[in-house]
Number of protein chains: 2
Amino acid sequence: MTCAVLSIGTELTRGELVNTNATWLSSALTDLGFDVVEEVVVDDDRMRIGAALERLGKAVRVIVCTGGLGPTTDDLTTDAVAAALGVKVVRDDASLDAIRRRIEKAGRALNPSNAKQADFPQGADILPNPVGTAPGFGVTIGGASAFFMPGVPREMQRMFEEHVVSRIRTLATPSTYQVRLRTYGLPESLVGDRLAGVEEAYPGVVIGYRVQFPEIEVKVLARSTSRESARELCDRATTEVRTRLADIVYGEVDDTFPGVVGREMRNAGLTLAIAESCTGGLVGHMLTREPGASDFLLVDAVTYANSAKTGLLGIDEEVIRGHGAVSSEVAAAMAEGVRRVSGADLALSLTGIAGPGGGTAQKPVGTVFIAIAAARGTTVVDKQFGGDRQQIQLAAAYAGLDLVRRACV
Amino acid sequence: MTCAVLSIGTELTRGELVNTNATWLSSALTDLGFDVVEEVVVDDDRMRIGAALERLGKAVRVIVCTGGLGPTTDDLTTDAVAAALGVKVVRDDASLDAIRRRIEKAGRALNPSNAKQADFPQGADILPNPVGTAPGFGVTIGGASAFFMPGVPREMQRMFEEHVVSRIRTLATPSTYQVRLRTYGLPESLVGDRLAGVEEAYPGVVIGYRVQFPEIEVKVLARSTSRESARELCDRATTEVRTRLADIVYGEVDDTFPGVVGREMRNAGLTLAIAESCTGGLVGHMLTREPGASDFLLVDAVTYANSAKTGLLGIDEEVIRGHGAVSSEVAAAMAEGVRRVSGADLALSLTGIAGPGGGTAQKPVGTVFIAIAAARGTTVVDKQFGGDRQQIQLAAAYAGLDLVRRACV
């Protein structure tokens, strides 16, 4: 079953924004068993939006469209669809009420721009927006079922999953199955080396890699004659992949690295304290972005200035003066200090040089000392990370969380 | 002058790869003065490649195409172009020699797959590849000059810059100019309301909006007869836009909100301390992601547990017991406490309920108290944010940073 993805927005055709929506939708549609034969992007131009829809309506059976449903004057999708269908734009009272409630809940009053988001081509099938203001809608254009969703990725994804999938699922027969494994600890080329020969051993299986620094996602995609046999093939190949990558696979697609660390802290019944310097709060942020961090996280002392290291964590000034703030000794003292002041079971500290300035011959940019303090003592590792400031901070935060994770088990 | 970008590859239509080539090319073509009216992606299918080319050859004056020039059987671009033009595919001896030299230099022998990369539609204008094996080529399709380049981003970019730009530059007159303003503080619909009538008052100007929660980027694009007059028009309209949005514009495209806050702290010569609870380190992370935070940031105490609030910041247990950890009183005590222990000029604190659990009737999920403590006293604001946990955290962090920014001036 053929389908197409249409993205609307001058920010795309001017090259100001990477079109991740088309990638996400194409991947989701492929998983459902559709053949995505074309992705199209047009600018915010009523005629071109209409022309693209008329053309695709003759070429494919499903069109999934994003963008141009916002409240401002450059949002033209609804008008363009109505014109292409030769129907009027009408206001939907139920949608208007929902928008008004949402806006009043945020302490504001409905204005005419918001109200525009309750307008739809006459006869459209309205798709509620679970996480935003603008509803989507479905219509029939030529021989195609066409669905229109907002361009905000989060809103689009939820709307697609909750309201579009159920409307199109029966049109396609899925004959592929994919498992996505999340790994941390090896670069892409070494992950690839470990998996050499898997595709040949399991005909019909394709291994894909996606770098989400510093993680590598490994995709095991199986194609067969039915969804069931594809799944069976995928499961066998995935078992092989998991065996070869045992030390670096931390979960599947919906897991996050800090989420898994939190789960293991919770399972171990341990409390955690953190003292950060070069990572500036990133480790705490990663852990608390997920719900439930209060089960184990007591404190994260981002002691950026030396005065904070001495004042808050009680580190001896002499240790900082003698070894430098970026040193094994200070990392150990930070972890022990934050463990002492918080009473936590386990303490993690990070001190290093994230750059771009501050590097020396002995301690170049990318040098990071990471310490773990526990009742049984303190261990310090020193790392040398590459990349820019944000990559060094992220690599250090992952390395620190990895030590916490391994200390739990 | 209109143009289109065509990307060829089943890895794109299956959603396995984000199409950064189209973004890069659209941006480069826009800068050259072209109107990119469409981006198209088709899978590795001879008929669909040909159909897309024939259609675009009638619609635009320049087509820039990537992908499908590789050595494998799924690389079909050359064949498809020749078929669309009704010409033969012919081997180019000079290109074959260059490919052979390149491959032999790498210590391998030329094989038939490599040789295929020296095949071109008869009469094509060959574009050398400065950094890879596959040359590109140019042909005329319908009314368009069409250029075909490899899909490897690095090879494509070099080929475009060294061999395509010189062939198309004279076709377009740069006649647009754009300014991108970054705003924080109002939702998109209210920003749009404030700018009602600007497009009418400045004919040739189009206002665009892009949501990057919780920011709104406002783009002022001017089209005129020359780059100079477009710039002049854009400047006049931008002055009007800046006046209307004076309280929410914090910078231009390359600025970041935490970067501007840091710059203003530095200009004011003030030091900052932070105490975070519900935002869990996000404020510190945002400030330290940028270089130079050590100029002003002393400490960020992420006091997640109540024991940390009392232990690290010296907050009276009775205050927490009496008012709850999420309260105006505790926010004030956190800011005053972290200011006292750090000796900072200015202190920011945030305590709230990021959810999804923990809300009550009096203090629902999204309730956040934010305090600023300074020598002249302490002020607390209470906010009610919508959205999920991560949006509430981000909205709270921005609101806190905004208070810091306003306290500097």
# chains A, B, ... in the order shown; residues from 1 in each chain; ligands from 1
>>> residues_around(residues="B:Thr30", least_positions_apart="4", cutoff="9 Å", atoms="only C-alpha atoms", output="ChimeraX atom specification")
/A:13-15 /B:25-26,34-36,174,176
>>> write_last_selection(atoms="N, CA and C atoms", output="PDB file, in the first residue's frame")
ATOM      1  N   THR A  13      11.662  24.803   3.378  1.00  0.00           N
ATOM      2  CA  THR A  13      12.181  25.029   2.023  1.00  0.00           C
ATOM      3  C   THR A  13      13.285  26.090   1.999  1.00  0.00           C
ATOM      4  N   ARG A  14      13.373  26.879   3.056  1.00  0.00           N
ATOM      5  CA  ARG A  14      14.495  27.811   3.159  1.00  0.00           C
ATOM      6  C   ARG A  14      15.687  27.174   3.871  1.00  0.00           C
ATOM      7  N   GLY A  15      15.532  25.942   4.290  1.00  0.00           N
ATOM      8  CA  GLY A  15      16.656  25.234   4.907  1.00  0.00           C
ATOM      9  C   GLY A  15      16.972  25.694   6.319  1.00  0.00           C
TER      10      GLY A  15
ATOM     11  N   LEU B  25      21.138  22.084   1.185  1.00  0.00           N
ATOM     12  CA  LEU B  25      21.001  22.649  -0.163  1.00  0.00           C
ATOM     13  C   LEU B  25      19.971  23.777  -0.190  1.00  0.00           C
ATOM     14  N   SER B  26      18.856  23.605   0.508  1.00  0.00           N
ATOM     15  CA  SER B  26      17.831  24.655   0.505  1.00  0.00           C
ATOM     16  C   SER B  26      18.380  25.937   1.115  1.00  0.00           C
ATOM     17  N   PHE B  34      17.747  32.053  -4.703  1.00  0.00           N
ATOM     18  CA  PHE B  34      16.698  31.223  -5.302  1.00  0.00           C
ATOM     19  C   PHE B  34      15.515  31.083  -4.339  1.00  0.00           C
ATOM     20  N   ASP B  35      14.328  30.904  -4.911  1.00  0.00           N
ATOM     21  CA  ASP B  35      13.168  30.493  -4.126  1.00  0.00           C
ATOM     22  C   ASP B  35      13.047  28.980  -4.243  1.00  0.00           C
ATOM     23  N   VAL B  36      13.350  28.283  -3.176  1.00  0.00           N
ATOM     24  CA  VAL B  36      13.162  26.826  -3.177  1.00  0.00           C
ATOM     25  C   VAL B  36      11.682  26.587  -2.921  1.00  0.00           C
ATOM     26  N   PRO B 174      20.173  37.686  -5.833  1.00  0.00           N
ATOM     27  CA  PRO B 174      19.778  37.673  -4.427  1.00  0.00           C
ATOM     28  C   PRO B 174      18.901  38.889  -4.168  1.00  0.00           C
ATOM     29  N   THR B 176      16.422  38.797  -1.529  1.00  0.00           N
ATOM     30  CA  THR B 176      15.721  38.666  -0.252  1.00  0.00           C
ATOM     31  C   THR B 176      16.701  38.988   0.865  1.00  0.00           C
TER      32      THR B 176
END
>>> residues_around(residues="stretch 92-106 of chain B", least_positions_apart="4", cutoff="8 Å", atoms="only C-alpha atoms", output="PyMOL selection string")
chain B and resi 110+114-115+117-120+133-135
>>> write_last_selection(atoms="N, CA and C atoms", output="PDB file, in the first residue's frame")
ATOM      1  N   LEU B 110      40.180  -1.772  -9.755  1.00  0.00           N
ATOM      2  CA  LEU B 110      38.897  -1.314 -10.301  1.00  0.00           C
ATOM      3  C   LEU B 110      38.009  -2.521 -10.588  1.00  0.00           C
ATOM      4  N   ASN B 114      32.594  -0.166  -9.734  1.00  0.00           N
ATOM      5  CA  ASN B 114      33.212   1.157  -9.758  1.00  0.00           C
ATOM      6  C   ASN B 114      33.105   1.782 -11.137  1.00  0.00           C
ATOM      7  N   ALA B 115      33.344   0.965 -12.159  1.00  0.00           N
ATOM      8  CA  ALA B 115      33.337   1.477 -13.534  1.00  0.00           C
ATOM      9  C   ALA B 115      31.991   2.097 -13.891  1.00  0.00           C
ATOM     10  N   GLN B 117      30.334   3.968 -12.276  1.00  0.00           N
ATOM     11  CA  GLN B 117      30.285   5.367 -11.850  1.00  0.00           C
ATOM     12  C   GLN B 117      30.889   6.318 -12.885  1.00  0.00           C
ATOM     13  N   ALA B 118      31.452   5.765 -13.970  1.00  0.00           N
ATOM     14  CA  ALA B 118      31.928   6.610 -15.075  1.00  0.00           C
ATOM     15  C   ALA B 118      30.894   6.683 -16.205  1.00  0.00           C
ATOM     16  N   ASP B 119      29.694   6.186 -15.950  1.00  0.00           N
ATOM     17  CA  ASP B 119      28.613   6.230 -16.955  1.00  0.00           C
ATOM     18  C   ASP B 119      27.755   7.482 -16.755  1.00  0.00           C
ATOM     19  N   PHE B 120      27.399   8.112 -17.877  1.00  0.00           N
ATOM     20  CA  PHE B 120      26.601   9.340 -17.814  1.00  0.00           C
ATOM     21  C   PHE B 120      25.582   9.349 -18.943  1.00  0.00           C
ATOM     22  N   THR B 133      34.581   9.151  -5.117  1.00  0.00           N
ATOM     23  CA  THR B 133      34.718   8.422  -6.371  1.00  0.00           C
ATOM     24  C   THR B 133      33.726   8.866  -7.449  1.00  0.00           C
ATOM     25  N   ALA B 134      32.450   9.008  -7.055  1.00  0.00           N
ATOM     26  CA  ALA B 134      31.408   9.216  -8.072  1.00  0.00           C
ATOM     27  C   ALA B 134      31.354  10.660  -8.547  1.00  0.00           C
ATOM     28  N   PRO B 135      31.596  10.914  -9.842  1.00  0.00           N
ATOM     29  CA  PRO B 135      31.380  12.268 -10.367  1.00  0.00           C
ATOM     30  C   PRO B 135      29.883  12.568 -10.408  1.00  0.00           C
TER      31      PRO B 135
END
>>> residues_around(residues="B:Asp43", least_positions_apart="3", cutoff="7 Å", atoms="only C-alpha atoms", output="mmCIF file with N, CA and C atoms, in the first residue's frame")
data_model
loop_
_atom_site.group_PDB
_atom_site.id
_atom_site.type_symbol
_atom_site.label_atom_id
_atom_site.label_comp_id
_atom_site.auth_asym_id
_atom_site.auth_seq_id
_atom_site.Cartn_x
_atom_site.Cartn_y
_atom_site.Cartn_z
ATOM 1 N N VAL A 37 6.423 6.125 -0.884
ATOM 2 C CA VAL A 37 7.059 6.281 -2.194
ATOM 3 C C VAL A 37 7.516 7.706 -2.447
ATOM 4 N N GLU A 38 7.074 8.621 -1.622
ATOM 5 C CA GLU A 38 7.483 10.003 -1.843
ATOM 6 C C GLU A 38 7.317 10.823 -0.569
ATOM 7 N N ILE B 8 17.141 11.278 -3.644
ATOM 8 C CA ILE B 8 16.778 9.938 -4.104
ATOM 9 C C ILE B 8 17.340 8.903 -3.137
ATOM 10 N N GLY B 9 16.493 8.015 -2.637
ATOM 11 C CA GLY B 9 17.017 6.959 -1.776
ATOM 12 C C GLY B 9 15.963 6.325 -0.888
ATOM 13 N N THR B 10 15.881 5.001 -0.934
ATOM 14 C CA THR B 10 14.907 4.287 -0.117
ATOM 15 C C THR B 10 15.235 4.409 1.369
ATOM 16 N N THR B 13 13.072 7.356 2.284
ATOM 17 C CA THR B 13 11.617 7.139 2.323
ATOM 18 C C THR B 13 11.219 6.080 3.349
#
>>> select_by_dssp(residues="stretch 11-192 of chain A", states="strand (DSSP E or B)", output="tab-separated table (two decimals) with N, CA and C atoms, in the first residue's frame")
chain	number	residue	atom	x	y	z
A	35	ASP	N	4.36	1.34	1.95
A	35	ASP	CA	5.49	1.76	1.12
A	35	ASP	C	5.43	3.28	0.98
A	36	VAL	N	6.34	3.96	1.62
A	36	VAL	CA	6.40	5.41	1.45
A	36	VAL	C	7.14	5.67	0.14
A	37	VAL	N	6.42	6.12	-0.88
A	37	VAL	CA	7.06	6.28	-2.19
A	37	VAL	C	7.52	7.71	-2.45
A	38	GLU	N	7.07	8.62	-1.62
A	38	GLU	CA	7.48	10.00	-1.84
A	38	GLU	C	7.32	10.82	-0.57
A	39	GLU	N	8.30	11.68	-0.33
A	39	GLU	CA	8.16	12.73	0.68
A	39	GLU	C	8.23	14.05	-0.07
A	40	VAL	N	7.34	14.95	0.24
A	40	VAL	CA	7.34	16.25	-0.42
A	40	VAL	C	7.34	17.35	0.64
A	41	VAL	N	8.08	18.40	0.35
A	41	VAL	CA	8.05	19.60	1.19
A	41	VAL	C	7.68	20.77	0.30
A	42	VAL	N	6.67	21.52	0.69
A	42	VAL	CA	6.36	22.75	-0.05
A	42	VAL	C	6.36	23.92	0.93
A	62	VAL	N	-2.60	6.89	0.88
A	62	VAL	CA	-2.60	7.61	2.16
A	62	VAL	C	-1.61	8.77	2.06
A	63	ILE	N	-2.04	9.94	2.49
A	63	ILE	CA	-1.15	11.11	2.57
A	63	ILE	C	-1.12	11.56	4.03
A	64	VAL	N	0.07	11.67	4.57
A	64	VAL	CA	0.20	12.17	5.94
A	64	VAL	C	0.93	13.49	5.86
A	65	CYS	N	0.31	14.51	6.44
A	65	CYS	CA	0.77	15.88	6.23
A	65	CYS	C	1.01	16.58	7.56
A	66	THR	N	2.08	17.37	7.63
A	66	THR	CA	2.35	18.13	8.85
A	66	THR	C	2.59	19.59	8.52
A	89	VAL	N	-14.56	26.61	4.66
A	89	VAL	CA	-13.95	26.43	5.98
A	89	VAL	C	-15.02	26.75	7.02
A	90	VAL	N	-15.24	25.83	7.96
A	90	VAL	CA	-16.26	26.07	8.98
A	90	VAL	C	-15.64	25.92	10.37
A	91	ARG	N	-16.21	26.66	11.31
A	91	ARG	CA	-15.69	26.61	12.68
A	91	ARG	C	-16.36	25.46	13.44
A	119	ASP	N	-11.00	26.07	13.00
A	119	ASP	CA	-11.56	26.05	11.65
A	119	ASP	C	-11.10	24.82	10.88
A	120	PHE	N	-12.03	24.22	10.16
A	120	PHE	CA	-11.72	23.00	9.41
A	120	PHE	C	-12.43	23.02	8.07
A	121	PRO	N	-11.90	22.30	7.07
A	121	PRO	CA	-12.66	22.14	5.83
A	121	PRO	C	-13.98	21.43	6.16
A	125	ASP	N	-12.86	15.08	9.28
A	125	ASP	CA	-12.84	14.20	10.46
A	125	ASP	C	-11.81	14.81	11.41
A	126	ILE	N	-12.28	15.37	12.52
A	126	ILE	CA	-11.36	16.13	13.39
A	126	ILE	C	-10.54	15.19	14.27
A	127	LEU	N	-9.24	15.45	14.33
A	127	LEU	CA	-8.32	14.64	15.13
A	127	LEU	C	-7.91	15.45	16.35
A	136	GLY	N	-5.95	18.32	14.55
A	136	GLY	CA	-5.69	17.95	13.17
A	136	GLY	C	-7.00	17.54	12.51
A	137	PHE	N	-6.90	17.06	11.25
A	137	PHE	CA	-8.12	16.57	10.61
A	137	PHE	C	-7.79	15.62	9.48
A	138	GLY	N	-8.80	14.84	9.12
A	138	GLY	CA	-8.66	13.93	7.99
A	138	GLY	C	-9.71	14.24	6.93
A	139	VAL	N	-9.33	14.11	5.64
A	139	VAL	CA	-10.28	14.27	4.53
A	139	VAL	C	-9.91	13.25	3.46
A	140	THR	N	-10.76	13.11	2.45
A	140	THR	CA	-10.42	12.29	1.29
A	140	THR	C	-10.09	13.22	0.13
A	141	ILE	N	-8.90	13.02	-0.44
A	141	ILE	CA	-8.49	13.84	-1.59
A	141	ILE	C	-8.18	12.89	-2.74
A	144	ALA	N	-7.08	9.21	-2.09
A	144	ALA	CA	-6.26	9.05	-0.89
A	144	ALA	C	-6.98	9.53	0.37
A	145	SER	N	-6.72	8.83	1.47
A	145	SER	CA	-7.08	9.34	2.79
A	145	SER	C	-5.94	10.25	3.22
A	146	ALA	N	-6.28	11.50	3.51
A	146	ALA	CA	-5.24	12.47	3.86
A	146	ALA	C	-5.45	12.96	5.28
A	147	PHE	N	-4.34	13.02	6.04
A	147	PHE	CA	-4.41	13.42	7.45
A	147	PHE	C	-3.48	14.61	7.66
A	148	PHE	N	-3.99	15.62	8.37
A	148	PHE	CA	-3.25	16.86	8.57
A	148	PHE	C	-2.99	17.06	10.05
A	149	MET	N	-1.73	17.26	10.37
A	149	MET	CA	-1.33	17.35	11.78
A	149	MET	C	-0.43	18.56	11.98
A	176	THR	N	7.15	-6.74	8.14
A	176	THR	CA	8.47	-6.51	8.72
A	176	THR	C	8.32	-6.44	10.23
A	177	TYR	N	9.43	-6.67	10.91
A	177	TYR	CA	9.43	-6.52	12.37
A	177	TYR	C	10.78	-5.97	12.75
A	178	GLN	N	10.79	-5.02	13.66
A	178	GLN	CA	12.06	-4.38	14.02
A	178	GLN	C	12.19	-4.27	15.53
A	179	VAL	N	13.38	-4.55	16.02
A	179	VAL	CA	13.71	-4.29	17.42
A	179	VAL	C	14.83	-3.26	17.44
A	180	ARG	N	14.71	-2.31	18.32
A	180	ARG	CA	15.73	-1.27	18.44
A	180	ARG	C	16.37	-1.38	19.83
A	181	LEU	N	17.66	-1.64	19.84
A	181	LEU	CA	18.39	-1.79	21.10
A	181	LEU	C	19.22	-0.54	21.35
A	182	ARG	N	19.25	-0.11	22.59
A	182	ARG	CA	20.03	1.08	22.93
A	182	ARG	C	21.32	0.64	23.61
A	183	THR	N	22.43	1.20	23.14
A	183	THR	CA	23.73	0.83	23.69
A	183	THR	C	24.51	2.07	24.12
A	184	TYR	N	25.37	1.87	25.11
A	184	TYR	CA	26.31	2.91	25.50
A	184	TYR	C	27.63	2.26	25.85
>>> closest_residue(among="B:Gly185, B:Gly132, B:Gly70, B:Gly33", to="B:Arg169", atoms="only C-alpha atoms")
B:Gly33
>>> residues_around(residues="B:Val381", least_positions_apart="6", cutoff="10 Å", atoms="only C-alpha atoms", output="list in words")
Ser328, Ala331, Ala332, Leu350, Val368, Phe369, Ile370, Ala371, Ile372, Ala399, Gly400 and Leu403 of chain B
>>> interface_residues(of="chain B", to="chain A", cutoff="7 Å", atoms="only C-alpha atoms", output="count of residues only")
49
>>> select_by_dssp(residues="stretch 23-231 of chain A", states="helix (DSSP H, G or I)", output="ChimeraX atom specification")
/A:23-31,46-59,77-85,93-105,112-118,153-171,188-194,198-201,227-231
>>> residues_around(residues="A:Leu195", least_positions_apart="2", cutoff="10 Å", atoms="only C-alpha atoms", output="PyMOL selection string")
chain A and resi 189-193+197-199+207+218+240-242+244-245
>>> atom_distance(atom1="atom CA of A:Leu233", atom2="atom CA of A:Ser175")
11.3 Å
>>> atom_distance(atom1="atom CA of A:Thr77", atom2="atom CA of B:Ala230")
27.4 Å
